[in-house]
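**Q** Sharing upload-v4.txt here; it has compact mmCIF, C-alpha atoms.
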```
# COMPACT_ATOMS: atom_id res chain seq x y z
CA MET A 364 6.47 11.93 -14.02
CA SER A 365 8.88 9.51 -15.60
CA GLN A 366 6.62 8.32 -18.41
CA LYS A 367 7.84 9.85 -21.61
CA VAL A 368 5.27 8.23 -23.85
CA ASN A 369 3.59 10.74 -26.09
CA LEU A 370 -0.11 10.26 -25.60
CA ASN A 371 -0.86 11.61 -29.05
CA GLU A 372 0.96 8.68 -30.61
CA LEU A 373 -1.10 6.03 -28.85
CA GLU A 374 -4.18 4.28 -30.15
CA PRO A 375 -7.46 5.14 -28.38
CA GLN A 376 -7.58 1.65 -26.91
CA GLN A 377 -4.10 2.02 -25.46
CA ILE A 378 -5.07 5.37 -24.02
CA LEU A 379 -8.08 3.75 -22.38
CA GLN A 380 -5.82 1.13 -20.86
CA PHE A 381 -3.47 3.81 -19.62
CA LYS A 382 -6.40 5.68 -18.11
CA ALA A 383 -7.67 2.55 -16.35
CA GLN A 384 -4.22 2.11 -14.86
CA ILE A 385 -4.11 5.67 -13.54
CA ASN A 386 -7.60 5.30 -12.11
CA LYS A 387 -6.49 2.19 -10.26
CA GLU A 388 -3.54 4.05 -8.78
CA LEU A 389 -5.86 6.89 -7.89
CA ASP A 390 -8.18 4.47 -6.07
CA ASN A 391 -5.25 3.15 -4.07
CA LEU A 392 -4.10 6.63 -3.15
CA GLN A 393 -7.57 7.69 -2.09
CA GLY A 394 -7.86 4.55 0.02
CA SER A 395 -4.62 5.45 1.78
CA PHE A 396 -5.89 8.97 2.26
CA ARG A 397 -9.04 7.71 3.99
CA ALA A 398 -6.96 5.44 6.24
CA LEU A 399 -4.75 8.41 7.08
CA LYS A 400 -7.72 10.58 8.01
CA LEU A 401 -9.06 7.79 10.22
CA ALA A 402 -5.74 7.49 12.03
CA GLN A 403 -5.65 11.26 12.46
CA MET A 404 -9.09 11.23 14.04
CA LYS A 405 -8.11 8.47 16.44
CA TYR A 406 -4.99 10.30 17.60
CA LYS A 407 -6.94 13.52 18.00
CA GLU A 408 -9.42 11.70 20.20
CA CYS A 409 -6.60 10.30 22.35
CA HIS A 410 -5.04 13.73 22.56
CA GLU A 411 -8.29 15.29 23.78
CA ASN A 412 -8.94 12.49 26.24
CA VAL A 413 -5.55 12.87 27.88
CA GLN A 414 -6.25 16.55 28.45
CA ARG A 415 -9.76 15.89 29.69
CA VAL A 416 -8.58 13.36 32.26
CA ASN A 417 -5.73 15.58 33.30
CA VAL A 418 -7.78 18.70 34.20
CA SER A 419 -8.98 17.50 37.60
CA PRO A 420 -8.06 14.60 39.90
CA ASN A 421 -10.39 11.85 41.12
CA GLN A 422 -12.74 11.90 38.18
CA GLU A 423 -15.31 9.15 38.06
CA ILE A 424 -15.54 6.96 35.01
CA MET A 425 -17.15 3.74 33.89
CA VAL A 426 -14.50 1.15 33.28
CA PRO A 427 -15.29 -1.22 30.43
CA LEU A 428 -14.48 -4.81 31.43
CA THR A 429 -15.93 -6.20 28.22
CA ALA A 430 -17.79 -4.47 25.43
CA SER A 431 -21.03 -4.92 27.37
CA LEU A 432 -19.91 -4.86 31.00
CA TYR A 433 -18.91 -1.73 32.88
CA LEU A 434 -17.75 -0.97 36.39
CA PRO A 435 -17.84 2.41 38.12
CA GLY A 436 -14.36 3.61 38.93
CA LYS A 437 -12.29 6.55 39.99
CA ILE A 438 -9.16 7.78 38.28
CA LYS A 439 -6.53 7.31 40.93
CA ASP A 440 -3.60 8.69 39.02
CA ASN A 441 -4.39 11.11 36.21
CA ASP A 442 -0.80 11.59 35.17
CA LYS A 443 0.01 8.04 34.06
CA PHE A 444 -1.08 6.88 30.65
CA LEU A 445 -0.36 3.66 28.82
CA ILE A 446 0.06 4.30 25.12
CA ASP A 447 0.01 1.75 22.35
CA VAL A 448 3.17 2.46 20.37
CA GLY A 449 2.62 -0.36 17.87
CA THR A 450 3.18 -4.13 17.54
CA GLY A 451 1.52 -4.77 20.90
CA TYR A 452 3.85 -2.66 23.03
CA TYR A 453 2.47 -0.16 25.52
CA VAL A 454 4.57 2.56 27.08
CA GLU A 455 3.83 4.42 30.29
CA LYS A 456 3.83 8.19 29.91
CA SER A 457 2.94 11.24 31.93
CA SER A 458 0.23 13.50 30.51
CA GLU A 459 2.85 15.92 29.24
CA GLU A 460 4.75 13.15 27.47
CA ALA A 461 1.50 11.67 26.16
CA VAL A 462 0.41 14.98 24.66
CA LYS A 463 3.84 15.37 23.11
CA PHE A 464 3.62 11.87 21.69
CA PHE A 465 0.23 12.47 20.09
CA ASP A 466 1.30 15.87 18.79
CA GLY A 467 4.29 14.23 17.12
CA ARG A 468 2.18 11.54 15.50
CA LEU A 469 -0.40 14.08 14.37
CA SER A 470 2.12 16.40 12.78
CA LYS A 471 3.68 13.46 10.96
CA LEU A 472 0.28 12.39 9.69
CA ASN A 473 -0.43 15.95 8.60
CA GLN A 474 2.77 16.02 6.58
CA ASP A 475 1.92 12.71 4.98
CA SER A 476 -1.57 13.81 4.12
CA THR A 477 -0.32 17.01 2.49
CA LYS A 478 2.03 14.95 0.36
CA LEU A 479 -0.73 12.52 -0.49
CA THR A 480 -3.16 15.29 -1.41
CA GLN A 481 -0.58 16.73 -3.77
CA LEU A 482 -0.07 13.32 -5.37
CA ILE A 483 -3.80 12.77 -5.78
CA ARG A 484 -4.17 16.20 -7.36
CA GLU A 485 -1.42 15.41 -9.86
CA LYS A 486 -3.07 12.11 -10.77
CA LEU A 487 -6.44 13.81 -11.25
CA GLN A 488 -4.86 16.34 -13.57
CA LEU A 489 -3.26 13.52 -15.51
CA VAL A 490 -6.62 11.81 -15.91
CA GLN A 491 -8.06 15.06 -17.20
CA ARG A 492 -5.33 15.45 -19.75
CA VAL A 493 -5.71 11.86 -20.88
CA ASP A 494 -9.43 12.42 -21.27
CA GLU A 495 -8.81 15.44 -23.43
CA VAL A 496 -6.44 13.59 -25.74
CA LEU A 497 -8.88 10.71 -25.93
CA ARG A 498 -11.75 12.98 -26.90
CA GLU A 499 -9.68 14.67 -29.61
CA LYS A 500 -8.65 11.30 -31.00
CA LEU A 501 -12.19 10.04 -31.10
CA ALA A 502 -13.37 13.23 -32.80
CA VAL A 503 -10.71 12.83 -35.49
CA GLN A 504 -11.68 9.21 -36.00
CA GLN A 505 -15.35 10.13 -36.25
CA LYS A 506 -14.59 12.72 -38.90
CA GLU A 507 -12.63 10.22 -40.95
CA ILE A 508 -15.47 7.74 -40.82
CA GLU A 509 -17.90 10.42 -41.95
CA LYS A 510 -15.58 11.37 -44.81
CA GLN A 511 -15.45 7.79 -45.98
CA HIS A 512 -19.20 7.50 -45.82
CA ALA A 513 -19.59 10.73 -47.80
CA LYS A 514 -17.52 9.20 -50.58
CA MET B 435 -2.85 -25.68 -29.98
CA SER B 436 -1.85 -27.77 -26.99
CA SER B 437 1.61 -26.24 -26.80
CA ILE B 438 0.15 -22.73 -26.84
CA GLU B 439 -2.36 -23.73 -24.21
CA GLN B 440 0.41 -25.12 -22.09
CA LEU B 441 2.50 -22.00 -22.55
CA SER B 442 -0.35 -19.70 -21.64
CA LYS B 443 -1.05 -21.82 -18.58
CA GLY B 444 2.58 -21.45 -17.52
CA TYR B 445 2.39 -17.73 -18.21
CA ASN B 446 -0.72 -17.31 -16.03
CA GLN B 447 0.85 -19.34 -13.29
CA ALA B 448 4.02 -17.29 -13.33
CA GLN B 449 1.94 -14.12 -13.24
CA SER B 450 -0.17 -15.18 -10.24
CA GLU B 451 2.92 -16.31 -8.35
CA LEU B 452 4.54 -12.97 -9.03
CA THR B 453 1.47 -11.11 -7.75
CA GLN B 454 1.50 -13.19 -4.61
CA LEU B 455 5.18 -12.51 -3.98
CA VAL B 456 4.72 -8.79 -4.51
CA SER B 457 1.85 -8.66 -2.03
CA SER B 458 3.86 -10.52 0.61
CA ARG B 459 6.70 -8.10 -0.05
CA GLN B 460 4.29 -5.23 0.66
CA GLN B 461 3.09 -6.89 3.83
CA LEU B 462 6.65 -7.29 5.05
CA GLU B 463 7.31 -3.64 4.31
CA THR B 464 4.32 -2.62 6.44
CA GLN B 465 5.58 -4.76 9.31
CA TYR B 466 9.06 -3.35 8.92
CA GLN B 467 7.81 0.22 9.07
CA GLU B 468 5.67 -0.47 12.12
CA ASN B 469 8.55 -2.06 13.98
CA LYS B 470 10.81 0.79 12.99
CA ILE B 471 8.37 3.29 14.47
CA VAL B 472 8.29 1.26 17.70
CA LYS B 473 12.08 1.20 17.78
CA GLU B 474 12.26 4.95 17.30
CA GLU B 475 9.78 5.36 20.13
CA PHE B 476 11.82 3.05 22.40
CA ASP B 477 14.99 4.97 21.63
CA LYS B 478 13.45 8.14 23.02
CA LEU B 479 12.42 6.60 26.36
CA GLU B 480 13.85 7.36 29.77
CA ASP B 481 15.67 4.45 31.37
CA ASP B 482 12.99 3.92 34.02
CA THR B 483 9.95 4.16 31.75
CA LYS B 484 7.72 1.12 32.10
CA ILE B 485 6.90 -0.95 29.05
CA TYR B 486 4.07 -3.46 28.74
CA LYS B 487 3.53 -6.08 26.10
CA GLN B 488 0.02 -7.03 25.13
CA ILE B 489 -0.50 -10.79 25.18
CA GLY B 490 -4.08 -11.62 24.35
CA PRO B 491 -6.23 -9.44 26.60
CA VAL B 492 -3.49 -8.86 29.20
CA LEU B 493 -0.76 -6.28 29.46
CA MET B 494 2.41 -7.94 30.74
CA PRO B 495 5.08 -5.73 32.23
CA GLN B 496 8.28 -6.18 30.33
CA ASP B 497 11.87 -5.25 30.86
CA GLN B 498 12.87 -2.28 28.72
CA SER B 499 16.08 -3.88 27.54
CA GLU B 500 14.22 -7.08 26.72
CA ALA B 501 11.58 -5.21 24.73
CA LYS B 502 14.26 -3.31 22.82
CA LEU B 503 16.11 -6.51 22.08
CA ASN B 504 12.91 -8.13 20.82
CA VAL B 505 12.14 -5.29 18.45
CA ASP B 506 15.71 -5.28 17.17
CA LYS B 507 15.54 -9.01 16.56
CA ARG B 508 12.22 -8.71 14.80
CA LEU B 509 13.52 -5.93 12.57
CA GLU B 510 16.47 -8.07 11.62
CA PHE B 511 14.24 -11.04 10.92
CA ILE B 512 11.88 -9.02 8.75
CA LYS B 513 14.82 -7.57 6.85
CA ARG B 514 16.08 -11.07 6.09
CA GLU B 515 12.60 -12.08 4.96
CA ILE B 516 12.44 -9.03 2.69
CA ASP B 517 15.78 -9.97 1.12
CA ARG B 518 14.56 -13.53 0.61
CA VAL B 519 11.30 -12.43 -1.04
CA GLU B 520 13.13 -9.90 -3.22
CA GLU B 521 15.40 -12.67 -4.46
CA LYS B 522 12.34 -14.80 -5.23
CA ILE B 523 10.67 -11.91 -7.02
CA LYS B 524 13.73 -11.46 -9.21
CA ASN B 525 13.73 -15.13 -10.17
CA GLU B 526 10.01 -15.13 -10.79
CA GLN B 527 10.28 -12.02 -12.95
CA ASP B 528 12.82 -13.79 -15.13
CA ARG B 529 10.56 -16.82 -15.38
CA PHE B 530 7.61 -14.61 -16.17
CA ALA B 531 9.46 -12.76 -18.95
CA LYS B 532 10.61 -16.07 -20.42
CA ALA B 533 7.10 -17.51 -20.35
CA ARG B 534 5.75 -14.38 -22.00
CA ASP B 535 8.36 -14.45 -24.77
CA GLN B 536 7.72 -18.12 -25.43
CA LEU B 537 4.00 -17.54 -25.60
CA VAL B 538 4.32 -14.57 -27.93
CA SER B 539 6.68 -16.36 -30.31
CA ALA B 540 4.46 -19.46 -30.33
CA ARG B 541 1.46 -17.31 -31.18
CA THR B 542 3.23 -15.46 -33.99
CA GLU B 543 4.40 -18.76 -35.40
CA LYS B 544 0.86 -20.08 -35.34
CA MET B 545 -0.43 -16.97 -37.02
CA GLN B 546 2.23 -17.15 -39.72
CA GLN B 547 1.34 -20.76 -40.36
CA ALA B 548 -2.32 -19.87 -40.67
CA ALA B 549 -1.49 -17.05 -43.07
CA GLN B 550 0.62 -19.38 -45.20
CA LEU B 551 -2.17 -21.93 -45.28
CA GLN B 552 -4.59 -19.27 -46.38
CA GLN B 553 -2.28 -18.07 -49.13
CA ALA B 554 -1.76 -21.64 -50.30
CA SER B 555 -5.47 -22.34 -50.48
CA ALA B 556 -6.10 -19.03 -52.25
CA ALA B 557 -3.46 -19.94 -54.81
CA GLN B 558 -5.10 -23.32 -55.30
CA GLN B 559 -8.46 -21.75 -55.90
CA LYS B 560 -7.01 -19.48 -58.55
CA GLN B 561 -5.63 -22.44 -60.39
```
Now that the file is in, can you turn its structure into structure tokens?
**A**
Amino acid sequence: MSQKVNLNELEPQQILQFKAQINKELDNLQGSFRALKLAQMKYKECHENVQRVNVSPNQEIMVPLTASLYLPGKIKDNDKFLIDVGTGYYVEKSSEEAVKFFDGRLSKLNQDSTKLTQLIREKLQLVQRVDEVLREKLAVQQKEIEKQHAK
Amino acid sequence: MSSIEQLSKGYNQAQSELTQLVSSRQQLETQYQENKIVKEEFDKLEDDTKIYKQIGPVLMPQDQSEAKLNVDKRLEFIKREIDRVEEKIKNEQDRFAKARDQLVSARTEKMQQAAQLQQASAAQQKQ
């Protein structure tokens, strides 16, 4: 972490501000993490579906024409998949290539999610430390107030 | 008061413009990354692999070289946009810092004036 500010030198209010900022970052990171998990699930589903279609030829399926209209169909060629590679482009791949494609994406997502988990853990630890300092500060302040009252 | 009000208005405006610019910068970055992934994918393709482009609900077959060219062009375009927005952000940051400094100095001045007035009236009361 690049911040070299000594927490002990800050006023409680500043510490609270600092904490709010970290919590905001943490929220962002956790949002990204959820999005990542969702993407992982989607790719896993695709991966499984490719293998399921590829086990035997001439499988029957219901083809969705709209969200509420289906047509019975047969899979004519179970070794030709069209994969969305992003920005509206679809690429034709054999089942082997498709599986490789999804494996690649999944392993990349796994790497990212490990990194992200590490980052989130660090931020959580930081919040904990900030909380500790804050509590100490408040305790000291409380004692001083009591001392003054005792006088 | 009116000058401080004006200054703080300018400060808020500069701040909201800066936020807007930063969010469009982030959006551009997302687009850039997505297009880069597509380009990487295209680079790995066999020469005879078929590519389709989704236009509305239809998948249109597209020439591989054409698709590659399109993605390259889009990447270049987005890069230019990023440079443009970065430049704007830099300018806006300067403006923002200036507005903030002006506001702060105006406020301190006001506070000093108030303190002087208070001292003066206190002195008068003593007399």
**Q** What's the separation between atom CA of B:Val538 and atom CA of B:Asn446, in Å to one decimal place?
**A**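 Separation of atom CA of B:Val538 and atom CA of B:Asn446: 13.2 Å.
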**Q** Considering all atoms listed in the file, give me a table of residues in chain A that are at most 8 Å from chain B, with the closest atom pair and distance in Å for each, as a Markdown table.
**A**
```
| residue | atom | partner | partner_atom | distance |
| --- | --- | --- | --- | --- |
| A:Val448 | CA | B:Val472 | CA | 5.9 |
| A:Gly449 | CA | B:Val472 | CA | 5.9 |
| A:Thr450 | CA | B:Asn469 | CA | 6.8 |
| A:Gly451 | CA | B:Gln488 | CA | 5.0 |
| A:Tyr452 | CA | B:Lys487 | CA | 4.6 |
| A:Tyr453 | CA | B:Tyr486 | CA | 4.9 |
| A:Val454 | CA | B:Ile485 | CA | 4.7 |
| A:Glu455 | CA | B:Lys484 | CA | 5.4 |
| A:Lys456 | CA | B:Thr483 | CA | 7.6 |
```
**Q** Please give the centre and size of the box around stretch 547-551 of chain B (axis-aligned, containing every atom listed in the file, 4 Å added per side), with values in Å to one decimal and written as AutoDock Vina command-line options.
**A**
```
--center_x -0.5 --center_y -19.5 --center_z -42.8 --size_x 11.7 --size_y 12.9 --size_z 12.9
```
**Q** Can you list, as number ranges by chain, every protein, DNA or RNA residue that comes within 7 Å of A:Glu423 when you count only C-alpha atoms, leaving out same-chain residues fewer than 6 positions away?
**A** A: 436-438
**Q** Using all atoms listed in the file, which residues sit within 12 Å of stretch 503-513 of chain A once same-chain residues fewer than 3 positions away are excluded, as a ChimeraX atom specification?
**A** /A:371,374-375,496-500
**Q** May I have the residues within 10 Å of B:Gln447 as JSON, numbers by chain, using all atoms listed in the file and disregarding those fewer than 6 positions away in the same chain?
**A** {"B": [441, 453, 530, 533]}
**Q** By how many Å are atom CA of B:Glu515 and atom CA of B:Arg459 apart?
**A**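 Separation of atom CA of B:Glu515 and atom CA of B:Arg459: 8.7 Å.
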**Q** Just give me the gap between atom CA of A:Asp466 and atom CA of B:Lys502 in Å, one decimal is fine.
**A**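 Separation between atom CA of A:Asp466 and atom CA of B:Lys502: 23.5 Å.
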**Q** Would you kindly return, as a PyMOL selection string, each protein, DNA or RNA residue with an atom no farther than 10 Å from any atom of B:Ser437, considering all atoms listed in the file and excluding same-chain residues fewer than 4 positions away?
**A** chain B and resi 441-443+537+540-541
**Q** Produce a file of the selected residues containing C-alpha atoms, as a PDB file, in the coordinates of the input.
**A**
```
ATOM      1  CA  LEU B 441       2.500 -22.000 -22.550  1.00  0.00           C
ATOM      2  CA  SER B 442      -0.350 -19.700 -21.640  1.00  0.00           C
ATOM      3  CA  LYS B 443      -1.050 -21.820 -18.580  1.00  0.00           C
ATOM      4  CA  LEU B 537       4.000 -17.540 -25.600  1.00  0.00           C
ATOM      5  CA  ALA B 540       4.460 -19.460 -30.330  1.00  0.00           C
ATOM      6  CA  ARG B 541       1.460 -17.310 -31.180  1.00  0.00           C
TER       7      ARG B 541
END
```
**Q** Please determine, counting all atoms listed in the file, which residue among A:Arg492, A:Lys443, A:Lys400, A:Lys514 has the shortest atom-to-atom distance to A:Phe381.
**A** A:Arg492
